[in-house]
file query_4.json (JSON, C-alpha atoms)
[["chain", "number", "residue", "atom", "x", "y", "z"],
["A", 1, "MET", "CA", 88.76, 59.77, 81.70],
["A", 2, "ILE", "CA", 87.39, 62.92, 80.11],
["A", 3, "SER", "CA", 83.82, 63.94, 79.43],
["A", 4, "PRO", "CA", 82.20, 63.38, 76.03],
["A", 5, "VAL", "CA", 81.96, 67.13, 75.51],
["A", 6, "LEU", "CA", 85.71, 67.62, 75.98],
["A", 7, "ALA", "CA", 86.46, 64.55, 73.85],
["A", 8, "SER", "CA", 84.37, 66.03, 71.05],
["A", 9, "VAL", "CA", 86.17, 69.38, 71.17],
["A", 10, "LEU", "CA", 89.59, 67.70, 71.27],
["A", 11, "ALA", "CA", 88.70, 65.64, 68.22],
["A", 12, "SER", "CA", 87.68, 68.71, 66.24],
["A", 13, "ALA", "CA", 90.75, 70.68, 67.31],
["A", 14, "ARG", "CA", 93.23, 67.81, 67.02],
["A", 15, "ALA", "CA", 95.49, 69.37, 64.37],
["A", 16, "PRO", "CA", 96.16, 72.81, 65.92],
["A", 17, "LEU", "CA", 96.30, 71.37, 69.43],
["A", 18, "ASN", "CA", 98.79, 68.66, 68.48],
["A", 19, "ARG", "CA", 100.88, 71.24, 66.67],
["A", 20, "ARG", "CA", 101.03, 73.47, 69.78],
["A", 21, "ILE", "CA", 101.81, 70.56, 72.11],
["A", 22, "GLY", "CA", 104.46, 69.34, 69.68],
["A", 23, "GLU", "CA", 106.21, 72.71, 69.76],
["A", 24, "VAL", "CA", 106.42, 72.62, 73.55],
["A", 25, "ARG", "CA", 107.42, 68.95, 73.65],
["A", 26, "ARG", "CA", 110.35, 69.55, 71.29],
["A", 27, "ALA", "CA", 111.55, 72.50, 73.42],
["A", 28, "THR", "CA", 111.12, 70.73, 76.77],
["A", 29, "PRO", "CA", 113.39, 67.85, 77.81],
["A", 30, "GLY", "CA", 111.47, 65.42, 79.98],
["A", 31, "PHE", "CA", 108.06, 66.52, 78.70],
["A", 32, "ASP", "CA", 105.53, 64.36, 80.59],
["A", 33, "ASP", "CA", 102.52, 63.47, 78.43],
["A", 34, "ALA", "CA", 100.79, 61.74, 81.32],
["A", 35, "ALA", "CA", 100.98, 64.88, 83.48],
["A", 36, "LEU", "CA", 99.49, 66.97, 80.68],
["A", 37, "ALA", "CA", 96.73, 64.41, 80.09],
["A", 38, "ALA", "CA", 95.92, 64.41, 83.81],
["A", 39, "PHE", "CA", 95.62, 68.21, 83.77],
["A", 40, "PHE", "CA", 93.24, 68.06, 80.82],
["A", 41, "ALA", "CA", 91.05, 65.60, 82.70],
["A", 42, "ASP", "CA", 91.21, 67.20, 86.14],
["A", 43, "ALA", "CA", 91.39, 70.93, 85.40],
["A", 44, "ILE", "CA", 90.36, 71.74, 81.83],
["A", 45, "ASP", "CA", 87.43, 69.32, 81.68],
["A", 46, "PRO", "CA", 85.52, 71.00, 84.57],
["A", 47, "VAL", "CA", 85.94, 74.35, 82.83],
["A", 48, "VAL", "CA", 84.67, 72.92, 79.53],
["A", 49, "GLN", "CA", 81.65, 71.31, 81.15],
["A", 50, "ALA", "CA", 80.73, 74.56, 82.94],
["A", 51, "VAL", "CA", 81.00, 76.64, 79.76],
["A", 52, "ALA", "CA", 79.09, 74.02, 77.73],
["A", 53, "VAL", "CA", 75.99, 74.71, 79.82],
["A", 54, "LEU", "CA", 76.05, 78.34, 78.69],
["A", 55, "ASP", "CA", 77.50, 78.42, 75.17],
["A", 56, "GLU", "CA", 78.79, 75.36, 73.33],
["A", 57, "ALA", "CA", 79.96, 77.52, 70.43],
["A", 58, "ARG", "CA", 82.68, 78.97, 72.65],
["A", 59, "LEU", "CA", 84.17, 75.60, 73.60],
["A", 60, "PRO", "CA", 86.90, 75.38, 70.92],
["A", 61, "ALA", "CA", 88.25, 78.79, 71.92],
["A", 62, "VAL", "CA", 88.06, 77.85, 75.61],
["A", 63, "VAL", "CA", 89.92, 74.58, 75.14],
["A", 64, "MET", "CA", 92.68, 76.10, 73.00],
["A", 65, "ALA", "CA", 93.16, 79.01, 75.43],
["A", 66, "ALA", "CA", 93.15, 76.74, 78.49],
["A", 67, "ALA", "CA", 95.59, 74.34, 76.85],
["A", 68, "ASP", "CA", 97.93, 77.17, 75.88],
["A", 69, "THR", "CA", 97.83, 78.55, 79.42],
["A", 70, "ALA", "CA", 98.54, 75.09, 80.84],
["A", 71, "LEU", "CA", 101.55, 74.66, 78.56],
["A", 72, "GLN", "CA", 102.89, 78.08, 79.49],
["A", 73, "LEU", "CA", 102.56, 77.18, 83.18],
["A", 74, "GLY", "CA", 104.49, 73.94, 82.67],
["A", 75, "VAL", "CA", 101.85, 71.47, 83.81],
["A", 76, "HIS", "CA", 103.72, 68.87, 81.71],
["A", 77, "ASP", "CA", 106.67, 69.11, 84.12],
["A", 78, "ARG", "CA", 106.49, 66.76, 87.11],
["A", 79, "ALA", "CA", 108.91, 69.01, 88.98],
["A", 80, "LEU", "CA", 106.18, 71.66, 89.02],
["A", 81, "ALA", "CA", 103.52, 69.32, 90.38],
["A", 82, "ALA", "CA", 102.81, 71.41, 93.49],
["A", 83, "ARG", "CA", 101.97, 74.58, 91.60],
["A", 84, "THR", "CA", 100.12, 72.59, 88.92],
["A", 85, "ALA", "CA", 97.91, 71.22, 91.71],
["A", 86, "GLN", "CA", 97.13, 74.76, 92.86],
["A", 87, "VAL", "CA", 96.05, 75.79, 89.38],
["A", 88, "ARG", "CA", 94.02, 72.58, 89.02],
["A", 89, "ASP", "CA", 92.20, 73.18, 92.31],
["A", 90, "THR", "CA", 91.54, 76.80, 91.40],
["A", 91, "TRP", "CA", 90.10, 76.01, 87.97],
["A", 92, "GLN", "CA", 87.95, 73.28, 89.47],
["A", 93, "ALA", "CA", 86.56, 75.60, 92.14],
["A", 94, "LEU", "CA", 86.00, 78.57, 89.83],
["A", 95, "ALA", "CA", 84.81, 76.80, 86.68],
["A", 96, "GLY", "CA", 81.15, 77.20, 87.59],
["A", 97, "PRO", "CA", 81.21, 80.68, 89.14],
["A", 98, "CYS", "CA", 83.37, 82.06, 86.31],
["A", 99, "ALA", "CA", 81.84, 80.12, 83.41],
["A", 100, "ALA", "CA", 80.21, 83.15, 81.77],
["A", 101, "LEU", "CA", 83.38, 85.23, 82.06],
["A", 102, "ILE", "CA", 85.53, 82.38, 80.72],
["A", 103, "ALA", "CA", 83.19, 81.99, 77.75],
["A", 104, "ALA", "CA", 83.41, 85.72, 77.06],
["A", 105, "ALA", "CA", 87.19, 86.00, 77.50],
["A", 106, "PRO", "CA", 88.80, 82.54, 77.32],
["A", 107, "ALA", "CA", 92.24, 83.91, 76.49],
["A", 108, "GLN", "CA", 92.19, 86.08, 79.62],
["A", 109, "VAL", "CA", 90.27, 84.56, 82.53],
["A", 110, "PRO", "CA", 91.87, 81.10, 83.03],
["A", 111, "GLY", "CA", 95.36, 82.62, 82.90],
["A", 112, "MET", "CA", 94.34, 85.43, 85.23],
["A", 113, "LEU", "CA", 93.03, 82.96, 87.80],
["A", 114, "ALA", "CA", 96.12, 80.76, 87.54],
["A", 115, "ASN", "CA", 98.57, 83.64, 87.87],
["A", 116, "ALA", "CA", 96.63, 85.11, 90.79],
["A", 117, "VAL", "CA", 96.61, 81.97, 92.93],
["A", 118, "LEU", "CA", 100.31, 81.39, 92.25],
["A", 119, "HIS", "CA", 101.11, 84.98, 93.22],
["A", 120, "VAL", "CA", 99.17, 84.70, 96.48],
["A", 121, "THR", "CA", 101.15, 81.57, 97.30],
["A", 122, "GLN", "CA", 104.50, 83.08, 96.31],
["A", 123, "GLN", "CA", 103.86, 86.08, 98.57],
["A", 124, "GLY", "CA", 103.10, 83.82, 101.53],
["A", 125, "GLY", "CA", 99.32, 84.29, 101.43],
["A", 126, "ARG", "CA", 96.62, 81.74, 102.17],
["A", 127, "SER", "CA", 95.82, 80.55, 98.65],
["A", 128, "GLY", "CA", 93.12, 78.13, 99.73],
["A", 129, "GLN", "CA", 91.21, 80.91, 101.48],
["A", 130, "TRP", "CA", 91.61, 83.16, 98.44],
["A", 131, "ARG", "CA", 90.30, 80.44, 96.10],
["A", 132, "ASP", "CA", 87.30, 79.54, 98.27],
["A", 133, "GLU", "CA", 86.25, 83.13, 98.95],
["A", 134, "LEU", "CA", 86.55, 84.04, 95.27],
["A", 135, "ALA", "CA", 84.50, 80.98, 94.31],
["A", 136, "ALA", "CA", 81.73, 82.19, 96.64],
["A", 137, "LEU", "CA", 81.59, 85.67, 95.05],
["A", 138, "ALA", "CA", 82.92, 85.41, 91.48],
["A", 139, "GLY", "CA", 79.47, 84.75, 90.03],
["A", 140, "ARG", "CA", 78.51, 88.29, 91.03],
["A", 141, "ALA", "CA", 81.30, 89.91, 88.96],
["A", 142, "ALA", "CA", 79.85, 91.55, 85.86],
["A", 143, "ASP", "CA", 83.07, 91.44, 83.83],
["A", 144, "THR", "CA", 86.76, 90.59, 83.99],
["A", 145, "ARG", "CA", 87.61, 93.97, 85.50],
["A", 146, "GLU", "CA", 85.30, 93.36, 88.44],
["A", 147, "LEU", "CA", 86.67, 89.83, 88.79],
["A", 148, "ALA", "CA", 90.24, 91.19, 88.94],
["A", 149, "VAL", "CA", 89.33, 93.76, 91.60],
["A", 150, "LEU", "CA", 87.48, 91.14, 93.59],
["A", 151, "GLY", "CA", 90.54, 88.90, 93.42],
["A", 152, "GLN", "CA", 92.71, 91.78, 94.62],
["A", 153, "LEU", "CA", 90.47, 92.48, 97.62],
["A", 154, "LEU", "CA", 90.41, 88.81, 98.56],
["A", 155, "ALA", "CA", 94.18, 88.48, 98.13],
["A", 156, "TRP", "CA", 94.53, 91.24, 100.73],
["A", 157, "ARG", "CA", 92.18, 89.35, 103.05],
["A", 158, "ALA", "CA", 94.22, 86.18, 102.44],
["A", 159, "GLY", "CA", 97.35, 87.76, 103.87],
["A", 160, "LEU", "CA", 98.83, 90.12, 101.27],
["A", 161, "ALA", "CA", 98.90, 93.15, 103.56],
["A", 162, "HIS", "CA", 100.67, 95.36, 101.01],
["A", 163, "PHE", "CA", 97.59, 95.11, 98.77],
["A", 164, "ARG", "CA", 95.40, 97.00, 101.28],
["A", 165, "ARG", "CA", 95.55, 100.55, 99.91],
["A", 166, "GLY", "CA", 95.54, 99.55, 96.25],
["A", 167, "ALA", "CA", 92.69, 97.10, 96.74],
["A", 168, "LEU", "CA", 90.55, 99.66, 98.58],
["A", 169, "THR", "CA", 91.15, 102.21, 95.83],
["A", 170, "ALA", "CA", 90.30, 99.71, 93.08],
["A", 171, "ALA", "CA", 87.21, 98.53, 94.96],
["A", 172, "ALA", "CA", 85.57, 101.89, 94.38],
["A", 173, "GLY", "CA", 84.69, 100.51, 90.95],
["A", 174, "LEU", "CA", 82.76, 97.56, 92.35],
["A", 175, "PRO", "CA", 79.08, 97.58, 93.29],
["A", 176, "PRO", "CA", 79.15, 98.55, 96.98],
["A", 177, "ALA", "CA", 77.24, 95.42, 98.02],
["A", 178, "LEU", "CA", 79.83, 93.20, 96.34],
["A", 179, "ALA", "CA", 82.77, 95.08, 97.85],
["A", 180, "LEU", "CA", 81.22, 94.89, 101.32],
["A", 181, "ALA", "CA", 80.54, 91.17, 100.89],
["A", 182, "ALA", "CA", 84.16, 90.57, 99.91],
["A", 183, "LEU", "CA", 85.28, 92.19, 103.17],
["A", 184, "LYS", "CA", 82.66, 90.43, 105.31],
["A", 185, "LEU", "CA", 81.07, 93.77, 106.20],
["A", 186, "PRO", "CA", 77.31, 94.38, 106.66],
["A", 187, "GLU", "CA", 75.48, 95.22, 103.45],
["A", 188, "ALA", "CA", 73.81, 98.16, 105.20],
["A", 189, "MET", "CA", 77.16, 99.82, 105.88],
["A", 190, "ARG", "CA", 78.11, 102.80, 103.72],
["A", 191, "TRP", "CA", 81.07, 101.86, 101.53],
["A", 192, "GLU", "CA", 82.61, 105.31, 102.00],
["A", 193, "ASP", "CA", 82.59, 104.82, 105.80],
["A", 194, "ALA", "CA", 84.10, 101.35, 105.46],
["A", 195, "VAL", "CA", 86.91, 102.59, 103.20],
["A", 196, "ALA", "CA", 87.73, 105.49, 105.50],
["A", 197, "THR", "CA", 88.08, 103.21, 108.51],
["A", 198, "LEU", "CA", 89.94, 100.43, 106.70],
["A", 199, "ALA", "CA", 92.37, 102.88, 105.12],
["A", 200, "SER", "CA", 93.19, 104.58, 108.40],
["A", 201, "ASP", "CA", 93.35, 101.52, 110.68],
["A", 202, "PRO", "CA", 95.04, 98.33, 109.39],
["A", 203, "TRP", "CA", 93.82, 96.41, 112.45],
["A", 204, "TRP", "CA", 90.10, 97.13, 112.08],
["A", 205, "GLY", "CA", 87.67, 94.61, 110.62],
["A", 206, "PRO", "CA", 84.10, 93.36, 110.73],
["A", 207, "ASP", "CA", 84.50, 92.07, 114.28],
["A", 208, "GLY", "CA", 86.28, 95.16, 115.60],
["A", 209, "ARG", "CA", 90.02, 95.57, 116.11],
["A", 210, "ALA", "CA", 92.36, 92.58, 116.11],
["A", 211, "ASP", "CA", 93.95, 93.41, 119.47],
["A", 212, "ALA", "CA", 95.72, 90.03, 119.70],
["A", 213, "GLY", "CA", 97.90, 91.01, 116.75],
["A", 214, "ILE", "CA", 99.92, 88.52, 114.72],
["A", 215, "GLU", "CA", 103.37, 86.93, 114.60],
["A", 216, "THR", "CA", 105.60, 86.64, 111.56],
["A", 217, "GLY", "CA", 109.08, 85.44, 110.68],
["A", 218, "ALA", "CA", 111.11, 82.28, 111.10],
["A", 219, "PHE", "CA", 114.67, 80.97, 110.83],
["A", 220, "ALA", "CA", 115.89, 80.70, 107.23],
["A", 221, "GLY", "CA", 117.11, 77.16, 107.90],
["A", 222, "LEU", "CA", 113.53, 76.13, 108.61],
["A", 223, "GLY", "CA", 111.97, 77.85, 105.61],
["A", 224, "GLY", "CA", 111.79, 81.36, 107.03],
["A", 225, "ALA", "CA", 113.43, 84.59, 105.87],
["A", 226, "PHE", "CA", 115.77, 85.48, 108.73],
["A", 227, "MET", "CA", 119.30, 84.17, 109.21],
["A", 228, "ALA", "CA", 119.53, 85.90, 112.60],
["A", 229, "PRO", "CA", 117.02, 87.20, 115.14],
["A", 230, "PRO", "CA", 115.58, 90.20, 113.32],
["A", 231, "GLN", "CA", 116.00, 93.83, 114.25],
["A", 232, "VAL", "CA", 113.40, 96.38, 113.18],
["A", 233, "ARG", "CA", 113.13, 100.10, 112.56],
["A", 234, "PRO", "CA", 109.94, 102.06, 111.87],
["A", 235, "ALA", "CA", 108.88, 102.86, 108.31],
["A", 236, "HIS", "CA", 105.98, 104.84, 106.91],
["A", 237, "ASP", "CA", 103.93, 101.79, 105.94],
["A", 238, "GLY", "CA", 105.56, 99.14, 108.10],
["A", 239, "PHE", "CA", 109.01, 98.31, 109.44],
["A", 240, "PHE", "CA", 112.42, 97.93, 107.91],
["A", 241, "VAL", "CA", 113.94, 94.65, 109.04],
["A", 242, "ASP", "CA", 117.55, 93.50, 109.27],
["A", 243, "GLY", "CA", 117.27, 89.74, 109.00],
["A", 244, "GLY", "CA", 120.95, 88.94, 109.22],
["A", 245, "ALA", "CA", 121.65, 88.34, 105.54],
["A", 246, "ARG", "CA", 118.99, 90.46, 103.86],
["A", 247, "HIS", "CA", 116.93, 93.53, 104.55],
["A", 248, "HIS", "CA", 113.18, 93.71, 104.15],
["A", 249, "LEU", "CA", 110.20, 96.02, 104.37],
["A", 250, "LEU", "CA", 107.64, 94.34, 106.62],
["A", 251, "VAL", "CA", 104.05, 95.34, 105.84],
["A", 252, "ALA", "CA", 101.42, 93.92, 108.20],
["A", 253, "ASP", "CA", 97.80, 94.26, 109.22],
["A", 254, "ARG", "CA", 95.07, 92.11, 110.75],
["A", 255, "HIS", "CA", 95.09, 89.75, 107.76],
["A", 256, "GLY", "CA", 98.78, 88.90, 107.64],
["A", 257, "ALA", "CA", 102.33, 90.10, 107.06],
["A", 258, "VAL", "CA", 104.47, 90.33, 103.94],
["A", 259, "LEU", "CA", 108.22, 90.80, 103.60],
["A", 260, "LEU", "CA", 109.19, 92.92, 100.60],
["A", 261, "ALA", "CA", 112.72, 93.54, 99.36],
["A", 262, "ALA", "CA", 114.55, 96.49, 100.93],
["A", 263, "SER", "CA", 118.14, 97.68, 101.08],
["A", 264, "ALA", "CA", 120.65, 98.10, 103.87],
["A", 265, "ALA", "CA", 120.69, 101.82, 103.06],
["A", 266, "GLU", "CA", 116.94, 102.09, 103.65],
["A", 267, "TYR", "CA", 117.29, 100.29, 106.96],
["A", 268, "GLU", "CA", 120.19, 102.49, 108.10],
["A", 269, "ALA", "CA", 118.35, 105.66, 107.10],
["A", 270, "ALA", "CA", 115.30, 104.78, 109.22],
["A", 271, "PRO", "CA", 115.07, 106.03, 112.84],
["A", 272, "ALA", "CA", 116.79, 103.63, 115.22],
["A", 273, "GLN", "CA", 113.99, 104.05, 117.76],
["A", 274, "GLY", "CA", 110.24, 104.36, 117.53],
["A", 275, "GLY", "CA", 108.27, 104.92, 120.71],
["A", 276, "HIS", "CA", 104.69, 105.69, 121.66],
["A", 277, "PRO", "CA", 103.38, 107.26, 124.88],
["A", 278, "ALA", "CA", 100.84, 104.46, 125.36],
["A", 279, "VAL", "CA", 103.43, 101.68, 125.10],
["A", 280, "ARG", "CA", 105.61, 100.61, 128.02],
["A", 281, "LEU", "CA", 107.84, 97.56, 128.50],
["A", 282, "GLU", "CA", 108.42, 96.29, 132.03],
["A", 283, "GLY", "CA", 110.53, 93.14, 132.12],
["A", 284, "ASP", "CA", 108.73, 90.61, 129.94],
["A", 285, "THR", "CA", 105.38, 92.41, 130.17],
["A", 286, "LEU", "CA", 104.21, 94.90, 127.58],
["A", 287, "GLN", "CA", 101.63, 97.55, 128.35],
["A", 288, "VAL", "CA", 99.79, 98.79, 125.24],
["A", 289, "GLY", "CA", 97.23, 101.32, 126.33],
["A", 290, "THR", "CA", 94.93, 99.46, 128.70],
["A", 291, "ARG", "CA", 96.09, 96.03, 127.49],
["A", 292, "THR", "CA", 98.70, 93.98, 129.31],
["A", 293, "VAL", "CA", 100.58, 91.50, 127.14],
["A", 294, "SER", "CA", 102.82, 88.76, 128.53],
["A", 295, "LEU", "CA", 105.55, 88.22, 125.95],
["A", 296, "ASP", "CA", 106.65, 84.73, 127.05],
["A", 297, "LEU", "CA", 110.29, 85.62, 126.29],
["A", 298, "PRO", "CA", 113.30, 86.42, 128.48],
["A", 299, "ALA", "CA", 113.32, 90.09, 129.44],
["A", 300, "ALA", "CA", 116.97, 90.47, 128.43],
["A", 301, "GLY", "CA", 117.27, 92.06, 125.01],
["A", 302, "LEU", "CA", 113.54, 92.58, 124.40],
["A", 303, "ARG", "CA", 113.00, 95.53, 122.08],
["A", 304, "VAL", "CA", 109.82, 97.40, 121.26],
["A", 305, "VAL", "CA", 109.52, 99.64, 118.19],
["A", 306, "CYS", "CA", 106.39, 101.50, 117.06],
["A", 307, "ASN", "CA", 105.32, 103.00, 113.78],
["A", 308, "ALA", "CA", 102.13, 104.99, 113.23],
["A", 309, "ASP", "CA", 99.73, 102.13, 114.02],
["A", 310, "THR", "CA", 101.66, 99.04, 115.11],
["A", 311, "VAL", "CA", 104.00, 97.80, 117.86],
["A", 312, "ALA", "CA", 106.77, 95.40, 116.82],
["A", 313, "VAL", "CA", 108.44, 93.25, 119.47],
["A", 314, "THR", "CA", 111.76, 91.49, 118.83],
["A", 315, "SER", "CA", 114.11, 89.43, 120.96],
["A", 316, "PRO", "CA", 117.61, 87.96, 120.53],
["A", 317, "PHE", "CA", 116.08, 84.61, 121.48],
["A", 318, "THR", "CA", 113.66, 84.24, 118.56],
["A", 319, "HIS", "CA", 113.46, 84.76, 114.80],
["A", 320, "THR", "CA", 109.81, 85.81, 115.17],
["A", 321, "ILE", "CA", 108.48, 89.36, 115.20],
["A", 322, "ARG", "CA", 105.34, 89.94, 117.24],
["A", 323, "LEU", "CA", 103.04, 92.69, 115.94],
["A", 324, "LEU", "CA", 100.32, 94.36, 117.97],
["A", 325, "PRO", "CA", 97.95, 97.24, 117.15],
["A", 326, "LEU", "CA", 98.49, 100.57, 118.84],
["A", 327, "PRO", "CA", 95.53, 101.94, 120.82]]

call {"tool": "encode", "arguments": {"input": "query_4.json", "output": "C-alpha cells"}}
result
Amino acid sequence: MISPVLASVLASARAPLNRRIGEVRRATPGFDDAALAAFFADAIDPVVQAVAVLDEARLPAVVMAAADTALQLGVHDRALAARTAQVRDTWQALAGPCAALIAAAPAQVPGMLANAVLHVTQQGGRSGQWRDELAALAGRAADTRELAVLGQLLAWRAGLAHFRRGALTAAAGLPPALALAALKLPEAMRWEDAVATLASDPWWGPDGRADAGIETGAFAGLGGAFMAPPQVRPAHDGFFVDGGARHHLLVADRHGAVLLAASAAEYEAAPAQGGHPAVRLEGDTLQVGTRTVSLDLPAAGLRVVCNADTVAVTSPFTHTIRLLPLP
C-alpha cells in the first residue's frame, strides 16, 4: 500500500515514469516488478510524505529522482536484496531530517545518502551506526555540502579510520557546534583544540584514550581478508600487512580498522622491525608504558611491531591483529 500523496504523484507522472521503468526492464533480464513496487512503498513513500509537509510542488521532481536512483541501484533485482534493504532503511530514517534538503536538491540528496551507506558497508564500517547518528544530526545541516561533510565525519566514527584526516579537514567548514556534536565532544570545547588533539592522536576521544585498543582481521575462509596468519610492518599512517595471498595497508584508530589495497613491493620496502622504548614483550605478556596486557596467545612466535602511535601484535596461531595505543 502507498499513501494517497504518492499515488497522486504517480498518477500525474505515469507516462515518463513508465517510460523510464520500461527502458530498464527491457535491459534487465529477470526484472522484478514486485521488488520495485515494494521499494516504492517502503522507501520512496516515506520520503514523499516528508517532503509533502514542506513543499508539495517539489513532489514530482522528488519522485522522478528517487525512482531513477532506485533503478540505477538495482532495487528491482532480488539478488541485490541485502543492499536494497540498506538503502530502504536509510531513506526511511533520513526522510524527515533531510526533507528540506531533498526538496531543494532531489537529484542529489537521495543518491548521496544511498551511495554513502553502501560505501560504509563495503569498507567494513558500521552502517547502522552511521545511519542513526546522521538521522540525529542531519536536520542541522544548512545545505548539501554540510550534509556531505557530516556524513564523512560520521563514517569515520562508524569505523572508516582512513577518513580521519580528510574528515577533520572538511569539518572546518561546519558550524563548530555541529562538528563537535558529530564527534560527541562538549559544545564548550574549542573546535581548534579538538582538531589538534584528534589529528595527532588516533586513540583519543570524548572519554579519553581507548587504551583497550581493538582487534581486526579474520581467516579468508570465514569471510575475513587473510589466507594465512598476517605479518605486519610499520607504515606512516598504519601498517603494511602480508595476508598470505594479498598485501594491505591497515589503517586503524579508536573507531575501527580498514584494510586498503597495497602491493608486495610496498610491504617489502617497509622496515622489517618497528620498536618503541615503552613497549616490551615478556612471554605472553605485553608491557605498554605502565599498562600490562595479557595476550592470551602462546608465547612462541608472538611479534610486536610499532608505528608512530600504535602497537600491532601478531601470532602464527591467529589470523587476528591486535592493535593497542602507544603511551

call {"tool": "residues_near_point", "arguments": {"input": "query_4.json", "point": "(94.2, 90.1, 107.4)", "cutoff": "8 Å", "atoms": "only C-alpha atoms", "output": "PyMOL selection string"}}
result
chain A and resi 156-161+253-256

call {"tool": "atom_distance", "arguments": {"input": "query_4.json", "atom1": "CA of Ala212 (chain A)", "atom2": "CA of Leu302 (chain A)"}}
result
18.6 Å

call {"tool": "residues_around", "arguments": {"input": "query_4.json", "residues": "Arg246 (chain A)", "least_positions_apart": "4", "cutoff": "10 Å", "atoms": "all atoms listed in the file", "output": "PyMOL selection string"}}
result
chain A and resi 225-228+241-242+261-264

call {"tool": "closest_residue", "arguments": {"input": "query_4.json", "among": "A:Ala199, A:Val288, A:Ala245, A:Leu324", "to": "Ala257 (chain A)", "atoms": "all atoms listed in the file"}}
result
A:Leu324

call {"tool": "residues_around", "arguments": {"input": "query_4.json", "residues": "region 143-146 of chain A", "least_positions_apart": "2", "cutoff": "7 Å", "atoms": "only C-alpha atoms", "output": "JSON, numbers by chain"}}
result
{"A": [101, 141, 148, 149, 150, 174]}

call {"tool": "residues_near_point", "arguments": {"input": "query_4.json", "point": "(100.3, 96.5, 104.7)", "cutoff": "8 Å", "atoms": "all atoms listed in the file", "output": "PyMOL selection string"}}
result
chain A and resi 160-165+202+237-238+250-253+257-258

call {"tool": "residues_around", "arguments": {"input": "query_4.json", "residues": "region 61-71 of chain A", "least_positions_apart": "5", "cutoff": "6 Å", "atoms": "all atoms listed in the file", "output": "PyMOL selection string"}}
result
chain A and resi 106-107+111

call {"tool": "decode", "arguments": {"input": "query_4.json", "residues": "region 306-322 of chain A", "atoms": "N, CA and C atoms", "output": "compact mmCIF listing (two decimals), in the first residue's frame"}}
result
# COMPACT_ATOMS: atom_id res chain seq x y z
N CYS A 306 55.65 -1.61 16.10
CA CYS A 306 55.08 -0.30 16.42
C CYS A 306 55.26 0.67 15.27
N ASN A 307 54.26 1.51 15.07
CA ASN A 307 54.44 2.68 14.21
C ASN A 307 54.45 3.91 15.11
N ALA A 308 54.10 5.06 14.61
CA ALA A 308 54.23 6.28 15.40
C ALA A 308 53.28 6.34 16.59
N ASP A 309 52.14 5.66 16.54
CA ASP A 309 51.15 5.80 17.60
C ASP A 309 50.48 4.50 18.02
N THR A 310 50.85 3.37 17.40
CA THR A 310 50.10 2.14 17.63
C THR A 310 51.04 0.94 17.72
N VAL A 311 50.65 -0.02 18.57
CA VAL A 311 51.34 -1.30 18.68
C VAL A 311 50.48 -2.36 17.97
N ALA A 312 51.09 -3.13 17.09
CA ALA A 312 50.39 -4.24 16.43
C ALA A 312 51.00 -5.56 16.91
N VAL A 313 50.12 -6.47 17.33
CA VAL A 313 50.57 -7.77 17.83
C VAL A 313 50.04 -8.85 16.90
N THR A 314 50.94 -9.71 16.42
CA THR A 314 50.54 -10.83 15.56
C THR A 314 51.10 -12.13 16.13
N SER A 315 50.50 -13.23 15.68
CA SER A 315 50.90 -14.56 16.15
C SER A 315 50.67 -15.56 15.03
N PRO A 316 51.51 -16.60 14.95
CA PRO A 316 51.28 -17.64 13.93
C PRO A 316 50.07 -18.51 14.25
N PHE A 317 49.43 -18.26 15.40
CA PHE A 317 48.29 -19.08 15.82
C PHE A 317 46.95 -18.37 15.64
N THR A 318 46.94 -17.21 14.99
CA THR A 318 45.68 -16.49 14.79
C THR A 318 45.76 -15.64 13.53
N HIS A 319 44.61 -15.41 12.91
CA HIS A 319 44.51 -14.51 11.75
C HIS A 319 44.14 -13.10 12.20
N THR A 320 44.11 -12.86 13.49
CA THR A 320 43.71 -11.56 14.03
C THR A 320 44.95 -10.73 14.37
N ILE A 321 44.84 -9.44 14.15
CA ILE A 321 45.86 -8.47 14.56
C ILE A 321 45.30 -7.68 15.73
N ARG A 322 46.03 -7.64 16.82
CA ARG A 322 45.60 -6.83 17.96
C ARG A 322 46.33 -5.50 17.91
